[in-house]
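**Q** Provided below: input-v9.cif, containing mmCIF, C-alpha atoms and all ligand atoms.
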data_model
#
loop_
_atom_site.label_atom_id
_atom_site.label_comp_id
_atom_site.auth_asym_id
_atom_site.auth_seq_id
_atom_site.Cartn_x
_atom_site.Cartn_y
_atom_site.Cartn_z
CA MET V 1 -31.53 -14.92 -26.05
CA SER V 2 -27.89 -14.02 -25.45
CA ASP V 3 -26.91 -10.35 -25.21
CA ALA V 4 -24.19 -9.66 -27.79
CA SER V 5 -22.83 -6.74 -25.75
CA LYS V 6 -21.90 -9.14 -22.95
CA LYS V 7 -18.40 -10.55 -23.12
CA VAL V 8 -16.71 -13.67 -21.85
CA ILE V 9 -13.61 -12.67 -19.89
CA LEU V 10 -10.84 -14.85 -18.47
CA PHE V 11 -8.99 -13.45 -15.45
CA LEU V 12 -5.51 -14.67 -14.52
CA GLY V 13 -4.42 -13.18 -11.18
CA ALA V 14 -7.90 -12.24 -9.93
CA THR V 15 -6.92 -12.60 -6.27
CA GLY V 16 -4.56 -9.61 -6.68
CA GLY V 17 -5.95 -6.09 -6.32
CA CYS V 18 -5.98 -5.05 -10.00
CA GLY V 19 -7.57 -8.25 -11.29
CA LEU V 20 -10.09 -8.31 -8.45
CA SER V 21 -11.23 -4.76 -9.20
CA ALA V 22 -11.72 -5.52 -12.92
CA LEU V 23 -13.46 -8.81 -12.08
CA ARG V 24 -15.88 -7.27 -9.55
CA ARG V 25 -16.95 -4.61 -12.04
CA SER V 26 -17.28 -7.05 -14.93
CA LEU V 27 -19.42 -9.40 -12.82
CA ALA V 28 -21.69 -6.55 -11.71
CA ALA V 29 -22.13 -5.50 -15.35
CA GLY V 30 -23.33 -9.00 -16.25
CA HIS V 31 -20.34 -10.24 -18.26
CA THR V 32 -19.43 -13.91 -18.02
CA CYS V 33 -16.27 -14.09 -15.93
CA ILE V 34 -13.93 -17.06 -15.69
CA ALA V 35 -11.24 -16.86 -13.02
CA LEU V 36 -8.36 -19.32 -13.06
CA CYS V 37 -6.93 -19.37 -9.53
CA ARG V 38 -4.58 -21.49 -7.50
CA THR V 39 -6.89 -21.17 -4.46
CA PRO V 40 -10.55 -20.66 -5.45
CA ARG V 41 -11.62 -20.26 -1.81
CA LYS V 42 -9.38 -17.20 -1.50
CA LEU V 43 -11.19 -15.54 -4.40
CA LEU V 44 -14.63 -16.43 -3.03
CA LEU V 45 -13.71 -14.85 0.31
CA LEU V 46 -12.28 -11.72 -1.35
CA LEU V 47 -15.51 -11.30 -3.30
CA GLY V 48 -17.60 -11.87 -0.18
CA TYR V 49 -19.22 -15.11 -1.36
CA SER V 50 -19.49 -18.37 0.56
CA GLU V 51 -20.69 -21.88 -0.20
CA PRO V 52 -23.02 -23.78 2.18
CA SER V 53 -20.99 -25.23 5.03
CA SER V 54 -21.83 -27.80 7.69
CA THR V 55 -19.38 -26.14 10.10
CA SER V 56 -20.54 -22.52 9.76
CA PRO V 57 -23.89 -21.25 11.05
CA ALA V 58 -23.74 -18.24 8.65
CA PRO V 59 -26.18 -18.42 5.72
CA PRO V 60 -24.39 -19.15 2.42
CA ASN V 61 -23.95 -16.32 -0.07
CA PRO V 62 -23.31 -18.27 -3.28
CA PRO V 63 -21.45 -16.68 -6.20
CA PRO V 64 -23.57 -15.38 -9.12
CA PRO V 65 -24.13 -17.64 -12.14
CA ASN V 66 -21.92 -15.46 -14.36
CA LEU V 67 -18.84 -16.29 -12.25
CA HIS V 68 -16.92 -19.48 -13.02
CA ILE V 69 -13.97 -20.16 -10.76
CA LEU V 70 -11.54 -22.79 -12.02
CA GLN V 71 -8.79 -24.22 -9.86
CA GLY V 72 -5.43 -24.26 -11.65
CA ASN V 73 -2.09 -22.69 -12.33
CA ALA V 74 -1.75 -19.94 -14.95
CA HIS V 75 1.51 -21.52 -16.13
CA SER V 76 -0.15 -24.84 -16.87
CA GLY V 77 -1.09 -25.52 -20.48
CA SER V 78 -3.91 -27.90 -19.55
CA SER V 79 -5.49 -25.39 -17.12
CA LEU V 80 -5.36 -22.67 -19.78
CA LEU V 81 -6.76 -24.90 -22.54
CA HIS V 82 -9.80 -25.47 -20.37
CA ALA V 83 -10.14 -21.87 -19.13
CA LEU V 84 -9.88 -20.26 -22.60
CA THR V 85 -12.57 -22.33 -24.27
CA VAL V 86 -16.25 -21.53 -24.20
CA SER V 87 -18.34 -24.43 -25.43
CA GLY V 88 -21.48 -23.27 -27.22
CA SER V 89 -24.26 -25.46 -28.50
CA PHE V 90 -22.72 -25.89 -31.97
CA SER V 91 -19.02 -25.28 -31.59
CA ALA V 92 -16.31 -24.06 -29.29
CA HIS V 93 -15.01 -20.52 -29.37
CA LEU V 94 -12.45 -18.71 -27.28
CA VAL V 95 -13.08 -16.12 -24.58
CA ASP V 96 -13.38 -12.50 -25.79
CA ILE V 97 -10.87 -10.97 -23.38
CA VAL V 98 -8.04 -12.28 -21.20
CA VAL V 99 -6.99 -10.01 -18.32
CA THR V 100 -3.65 -11.14 -16.97
CA SER V 101 -2.40 -9.44 -13.81
CA LEU V 102 -0.07 -12.15 -12.52
CA GLY V 103 2.56 -11.11 -10.02
CA ALA V 104 5.14 -12.61 -7.68
CA ARG V 105 5.39 -12.30 -3.92
CA PRO V 106 8.44 -10.65 -2.35
CA THR V 107 10.66 -12.97 -0.33
CA LEU V 108 13.85 -12.43 1.68
CA LYS V 109 15.84 -13.52 -1.38
CA GLY V 110 13.91 -11.42 -3.92
CA MET V 111 10.72 -12.77 -5.49
CA ASP V 112 9.08 -16.19 -5.18
CA ASP V 113 8.70 -16.44 -8.98
CA PRO V 114 10.97 -14.00 -10.87
CA HIS V 115 9.56 -15.15 -14.24
CA VAL V 116 5.88 -15.17 -13.33
CA CYS V 117 4.72 -12.82 -16.12
CA GLU V 118 7.00 -14.20 -18.82
CA ARG V 119 5.95 -17.78 -18.07
CA GLY V 120 2.31 -16.77 -17.89
CA VAL V 121 2.30 -15.10 -21.30
CA GLN V 122 4.30 -17.92 -22.89
CA ALA V 123 1.79 -20.49 -21.60
CA LEU V 124 -1.11 -18.31 -22.75
CA LEU V 125 0.29 -17.82 -26.28
CA ASP V 126 1.01 -21.55 -26.60
CA ALA V 127 -2.50 -22.46 -25.43
CA LEU V 128 -4.11 -20.01 -27.87
CA GLN V 129 -2.17 -21.44 -30.80
CA ARG V 130 -3.05 -24.98 -29.86
CA LEU V 131 -6.76 -24.21 -29.39
CA ARG V 132 -7.03 -22.42 -32.73
CA LYS V 133 -5.49 -25.39 -34.45
CA ASP V 134 -7.61 -27.96 -32.62
CA HIS V 135 -10.88 -26.10 -33.20
CA GLY V 136 -10.16 -24.79 -36.72
CA LEU V 137 -10.43 -21.18 -35.52
CA GLU V 138 -7.30 -19.85 -37.22
CA GLU V 139 -9.11 -17.67 -39.75
CA THR V 140 -12.00 -16.53 -37.57
CA SER V 141 -12.48 -13.68 -35.12
CA GLN V 142 -13.81 -16.21 -32.59
CA GLY V 143 -10.25 -17.35 -32.02
CA VAL V 144 -8.66 -13.98 -31.21
CA PRO V 145 -9.19 -12.77 -27.64
CA HIS V 146 -8.02 -9.31 -26.61
CA ILE V 147 -5.13 -9.93 -24.17
CA VAL V 148 -4.83 -7.22 -21.52
CA ALA V 149 -1.55 -7.53 -19.63
CA VAL V 150 -0.92 -5.58 -16.45
CA SER V 151 2.68 -4.36 -16.59
CA SER V 152 4.46 -1.39 -15.00
CA THR V 153 5.83 2.08 -15.60
CA GLY V 154 9.59 2.43 -15.98
CA LEU V 155 9.79 0.04 -18.95
CA SER V 156 9.52 2.23 -22.02
CA GLU V 157 12.59 2.52 -24.25
CA ARG V 158 11.18 5.60 -25.98
CA THR V 159 9.88 7.85 -23.23
CA ARG V 160 10.12 8.57 -19.53
CA ASP V 161 6.89 7.73 -17.71
CA LEU V 162 8.25 8.13 -14.15
CA PRO V 163 9.10 11.27 -12.18
CA TRP V 164 12.92 11.72 -12.02
CA LEU V 165 12.78 11.23 -8.23
CA MET V 166 11.46 7.68 -8.56
CA ILE V 167 13.99 6.40 -11.08
CA PRO V 168 16.73 5.42 -8.58
CA MET V 169 14.22 3.61 -6.37
CA TYR V 170 12.76 1.70 -9.34
CA ARG V 171 16.25 0.73 -10.58
CA LEU V 172 17.35 -0.40 -7.13
CA LEU V 173 14.29 -2.38 -6.12
CA LEU V 174 12.49 -3.46 -9.25
CA GLY V 175 15.21 -4.78 -11.59
CA THR V 176 14.02 -8.39 -11.48
CA ALA V 177 10.31 -7.60 -11.72
CA HIS V 178 10.92 -5.21 -14.60
CA ALA V 179 13.09 -7.68 -16.53
CA ASP V 180 10.19 -10.14 -16.28
CA LYS V 181 7.63 -7.59 -17.46
CA ARG V 182 9.91 -6.44 -20.29
CA LYS V 183 10.02 -10.03 -21.56
CA MET V 184 6.24 -10.31 -21.26
CA GLU V 185 5.74 -7.12 -23.29
CA LYS V 186 8.27 -8.22 -25.95
CA MET V 187 6.54 -11.58 -26.36
CA LEU V 188 3.19 -9.89 -26.81
CA ILE V 189 4.57 -7.43 -29.38
CA GLU V 190 6.17 -10.24 -31.38
CA SER V 191 3.15 -12.55 -31.09
CA GLY V 192 0.89 -10.82 -33.59
CA GLU V 193 -1.95 -11.21 -31.05
CA LYS V 194 -4.51 -8.53 -30.19
CA PHE V 195 -3.06 -7.09 -26.98
CA THR V 196 -2.94 -4.06 -24.70
CA VAL V 197 -0.33 -3.44 -22.04
CA VAL V 198 -1.43 -1.50 -18.94
CA ARG V 199 1.48 0.23 -17.21
CA GLY V 200 0.35 1.45 -13.81
CA SER V 201 2.57 3.70 -11.72
CA LEU V 202 3.38 2.79 -8.08
CA TYR V 203 0.34 1.21 -6.41
CA ALA V 204 -0.87 3.18 -3.39
CA GLY V 205 -4.21 3.72 -1.67
CA SER V 206 -7.47 1.98 -2.38
CA GLY V 207 -9.71 4.73 -3.67
CA GLU V 208 -10.72 6.15 -7.01
CA GLY V 209 -9.17 9.25 -8.54
CA LYS V 210 -8.82 11.07 -11.83
CA ILE V 211 -6.70 8.86 -14.09
CA ARG V 212 -4.26 10.42 -16.57
CA VAL V 213 -3.18 8.26 -19.51
CA GLY V 214 -0.05 8.22 -21.66
CA VAL V 215 -0.08 6.14 -24.83
CA GLU V 216 2.73 4.32 -26.63
CA ASP V 217 2.02 2.38 -29.81
CA LEU V 218 4.20 -0.67 -29.26
CA VAL V 219 3.68 -2.09 -32.74
CA LYS V 220 4.56 1.10 -34.63
CA GLY V 221 7.12 2.17 -32.03
CA VAL V 222 5.62 5.62 -31.53
CA VAL V 223 4.89 7.58 -28.36
CA GLU V 224 1.51 9.27 -28.83
CA SER V 225 1.28 11.05 -25.47
CA THR V 226 2.85 10.98 -22.03
CA ALA V 227 1.54 10.97 -18.46
CA ILE V 228 4.06 11.18 -15.65
CA GLY V 229 2.85 10.61 -12.11
CA TYR V 230 3.72 8.97 -8.82
CA THR V 231 0.91 6.60 -7.92
CA ILE V 232 -2.36 4.91 -8.76
CA SER V 233 -4.51 2.50 -6.73
CA ARG V 234 -4.99 -1.15 -7.72
CA GLU V 235 -8.71 -0.41 -7.65
CA ASP V 236 -8.24 2.19 -10.38
CA VAL V 237 -6.03 -0.07 -12.51
CA GLY V 238 -8.94 -2.53 -12.56
CA ARG V 239 -11.44 0.27 -13.13
CA TRP V 240 -9.46 1.50 -16.14
CA VAL V 241 -9.36 -2.01 -17.65
CA PHE V 242 -13.10 -2.38 -17.09
CA GLU V 243 -14.10 1.03 -18.45
CA GLU V 244 -11.73 1.15 -21.42
CA ILE V 245 -11.43 -2.48 -22.55
CA VAL V 246 -14.39 -4.43 -21.21
CA GLU V 247 -17.03 -1.73 -21.71
CA GLY V 248 -15.21 0.90 -23.76
CA GLU V 249 -13.93 1.27 -27.30
CA ALA V 250 -11.39 -1.53 -26.86
CA GLY V 251 -10.20 -1.48 -30.47
CA LYS V 252 -8.39 1.84 -30.01
CA TRP V 253 -6.10 0.24 -27.42
CA VAL V 254 -4.95 -2.71 -29.52
CA GLY V 255 -1.15 -2.82 -29.85
CA LYS V 256 -0.76 0.01 -27.35
CA ALA V 257 0.69 0.47 -23.89
CA ALA V 258 -1.37 2.73 -21.65
CA THR V 259 0.54 4.37 -18.82
CA ILE V 260 -2.00 5.14 -16.12
CA THR V 261 -1.39 7.39 -13.14
CA TYR V 262 -2.95 10.16 -11.03
N1 LIG R 301 3.27 -2.83 -6.57
C1 LIG R 301 3.31 -1.88 -7.46
O1 LIG R 301 3.47 -0.69 -7.12
C2 LIG R 301 3.13 -2.19 -8.91
C3 LIG R 301 3.13 -1.17 -9.83
C4 LIG R 301 2.91 -1.48 -11.18
C5 LIG R 301 2.70 -2.80 -11.56
N2 LIG R 301 2.70 -3.79 -10.62
C6 LIG R 301 2.41 -5.16 -11.10
O2 LIG R 301 1.00 -5.28 -11.34
C7 LIG R 301 0.64 -6.67 -11.38
C8 LIG R 301 -0.66 -6.88 -10.60
O3 LIG R 301 -0.47 -6.52 -9.26
P1 LIG R 301 -1.58 -6.84 -8.13
O4 LIG R 301 -1.11 -6.10 -6.93
O5 LIG R 301 -2.94 -6.66 -8.68
O6 LIG R 301 -1.44 -8.41 -7.94
P2 LIG R 301 -0.50 -9.24 -6.93
O7 LIG R 301 -0.86 -8.91 -5.52
O8 LIG R 301 0.91 -9.12 -7.38
O9 LIG R 301 -1.10 -10.70 -7.18
C9 LIG R 301 -0.63 -11.50 -8.18
C10 LIG R 301 -1.71 -12.45 -8.65
O10 LIG R 301 -1.10 -13.42 -9.50
C11 LIG R 301 -1.53 -14.71 -9.07
N3 LIG R 301 -0.55 -15.70 -9.48
C12 LIG R 301 0.79 -15.64 -9.41
N4 LIG R 301 1.33 -16.74 -9.95
C13 LIG R 301 0.30 -17.52 -10.36
C14 LIG R 301 0.22 -18.77 -11.02
N5 LIG R 301 1.33 -19.45 -11.34
N6 LIG R 301 -1.00 -19.25 -11.31
C15 LIG R 301 -2.13 -18.56 -10.99
N7 LIG R 301 -2.12 -17.37 -10.37
C16 LIG R 301 -0.91 -16.86 -10.08
C17 LIG R 301 -1.69 -14.58 -7.58
O11 LIG R 301 -2.49 -15.64 -7.11
P3 LIG R 301 -2.38 -16.27 -5.62
O12 LIG R 301 -3.52 -15.62 -4.87
O13 LIG R 301 -2.60 -17.70 -5.84
O14 LIG R 301 -1.03 -15.92 -5.08
C18 LIG R 301 -2.40 -13.24 -7.52
O15 LIG R 301 -3.76 -13.37 -7.88
C19 LIG R 301 1.83 -7.42 -10.80
O16 LIG R 301 2.55 -8.02 -11.85
C20 LIG R 301 2.66 -6.31 -10.15
O17 LIG R 301 4.05 -6.61 -10.13
C21 LIG R 301 2.91 -3.51 -9.31
#
Could I get this structure in the form of structure tokens?
**A**
Amino acid sequence: MSDASKKVILFLGATGGCGLSALRRSLAAGHTCIALCRTPRKLLLLLGYSEPSSTSPAPPNPPPPNLHILQGNAHSGSSLLHALTVSGSFSAHLVDIVVTSLGARPTLKGMDDPHVCERGVQALLDALQRLRKDHGLEETSQGVPHIVAVSSTGLSERTRDLPWLMIPMYRLLLGTAHADKRKMEKMLIESGEKFTVVRGSLYAGSGEGKIRVGVEDLVKGVVESTAIGYTISREDVGRWVFEEIVEGEAGKWVGKAATITY
């Protein structure tokens, strides 16, 4: 018998620190996790799993049955159509949650993909629309996953969520990355989808700490509370997503941006 408390979660960007932390915790809690990755082997290694190999004498440590790693690009419609669909015995339904923590790599000229988040959300929204239409899910809750998008502090138009000291550094170094994340957030707000934006402060360290949370209702355009801090670890960004959205009272975060910091 299936356990109704267990969710099906799609991870985009699971080889990055935030996604990996949320994925590890979700796997350990028994949720079904689908990870769409460009290099599946990289994710297996990060999680400490290995497949049997004729060249390695080490015993294999295969991934658990609740982990499904799909090779593909998060900007590709066909990869997303496959990754978002769960085929049950009678009909298809969509995953319950999508955690997207896509990011670009810094290069000498800036970033290797300055539109990584915008393109990712556009492809995701297009795939969702198409799947609902194809599977007749438009009017059902089975076709509405909770999209959790990892964004950044320094983006709010209504409140300051950064210490004054960090503002010049953010403006100088993060203009391109923030323009991309601003577009991602705008697309989610205008989409009518069930979404939560997670705005972490500067990533530093690898441990766990006490997380403070500021809340902005992006649909109503209201700041409910503020939290201003310098840093948070990637591990804790993933922990927050796991505790509040995967296992917590996820409904209270719909349409909101959570600023998380120490
Ligand atoms: N650095 C900070 O202080 C800070 C603060 C706040 C927010 N953020 C943002 O938080 C987000 C998450 O950061 P993070 O450190 O956890 O991750 P990250 O190290 O930036 O990794 C990005 C992830 O996105 C994946 N990716 C990128 N393009 C892809 C594509 N086209 N298809 C499939 N996968 C793709 C990468 O996969 P590959 O392994 O294939 O490259 C990787 O898993 C980023 O957007 C980052 O900018 C950063």
**Q** Ranking V:Gly17, V:Thr55, V:Ala227, V:Met187 by minimum distance to V:Gly205 and counting only C-alpha atoms, which one comes first?
**A**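 Among the listed residues, V:Gly17 lies closest to V:Gly205.
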**Q** Once you count only C-alpha atoms and all ligand atoms, which residues end up within 7 Å of ligand LIG 301 (chain R), and could you hand them over as a ChimeraX atom specification?
**A** /V:12-19,36-39,42,72-75,101-105,116-117,150-153,177,199-204,234
**Q** Which residue gives the smallest distance to V:Ser156 among V:His115, V:Arg130, V:Lys256, V:His93, with only C-alpha atoms counted?
**A**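 Result for the nearest residue to V:Ser156: V:Lys256.
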**Q** Considering only C-alpha atoms, return as a PyMOL selection string whatever protein or nucleic-acid residues lie within 12 Å of V:Val219, sequence-local ones (same chain, fewer than 6 positions apart) excluded.
**A** chain V and resi 185-197+253-257
**Q** May I ask for the distance between atom CA of V:Ala83 and atom CA of V:Val99, given in Å to one decimal place?
**A**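 Spanning atom CA of V:Ala83 to atom CA of V:Val99 is a straight-line distance of 12.3 Å.
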**Q** Could you check the closest approach to V:Pro145 for each of V:Gly251, V:Gly48, V:Pro163, V:Pro59 and tell me which residue wins, using only C-alpha atoms?
**A**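 Looking at the shortest contact to V:Pro145, the residue is V:Gly251.
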**Q** Return the single residue from V:Pro63, V:Leu46, V:Pro57, V:Val215 that is closest to V:Cys33, with distances computed using only C-alpha atoms.
**A** V:Pro63
**Q** Mind pulling up the distance from atom CA of V:Ala29 to atom CA of V:Gly207?
**A**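 Separation between atom CA of V:Gly207 and atom CA of V:Ala29: 19.9 Å.
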**Q** Find the distance between atom CA of V:Thr231 and atom CA of V:His146 and write it in Å to one decimal.
**A**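 Computing the Euclidean distance for atom CA of V:Thr231 and atom CA of V:His146 yields 26.1 Å.
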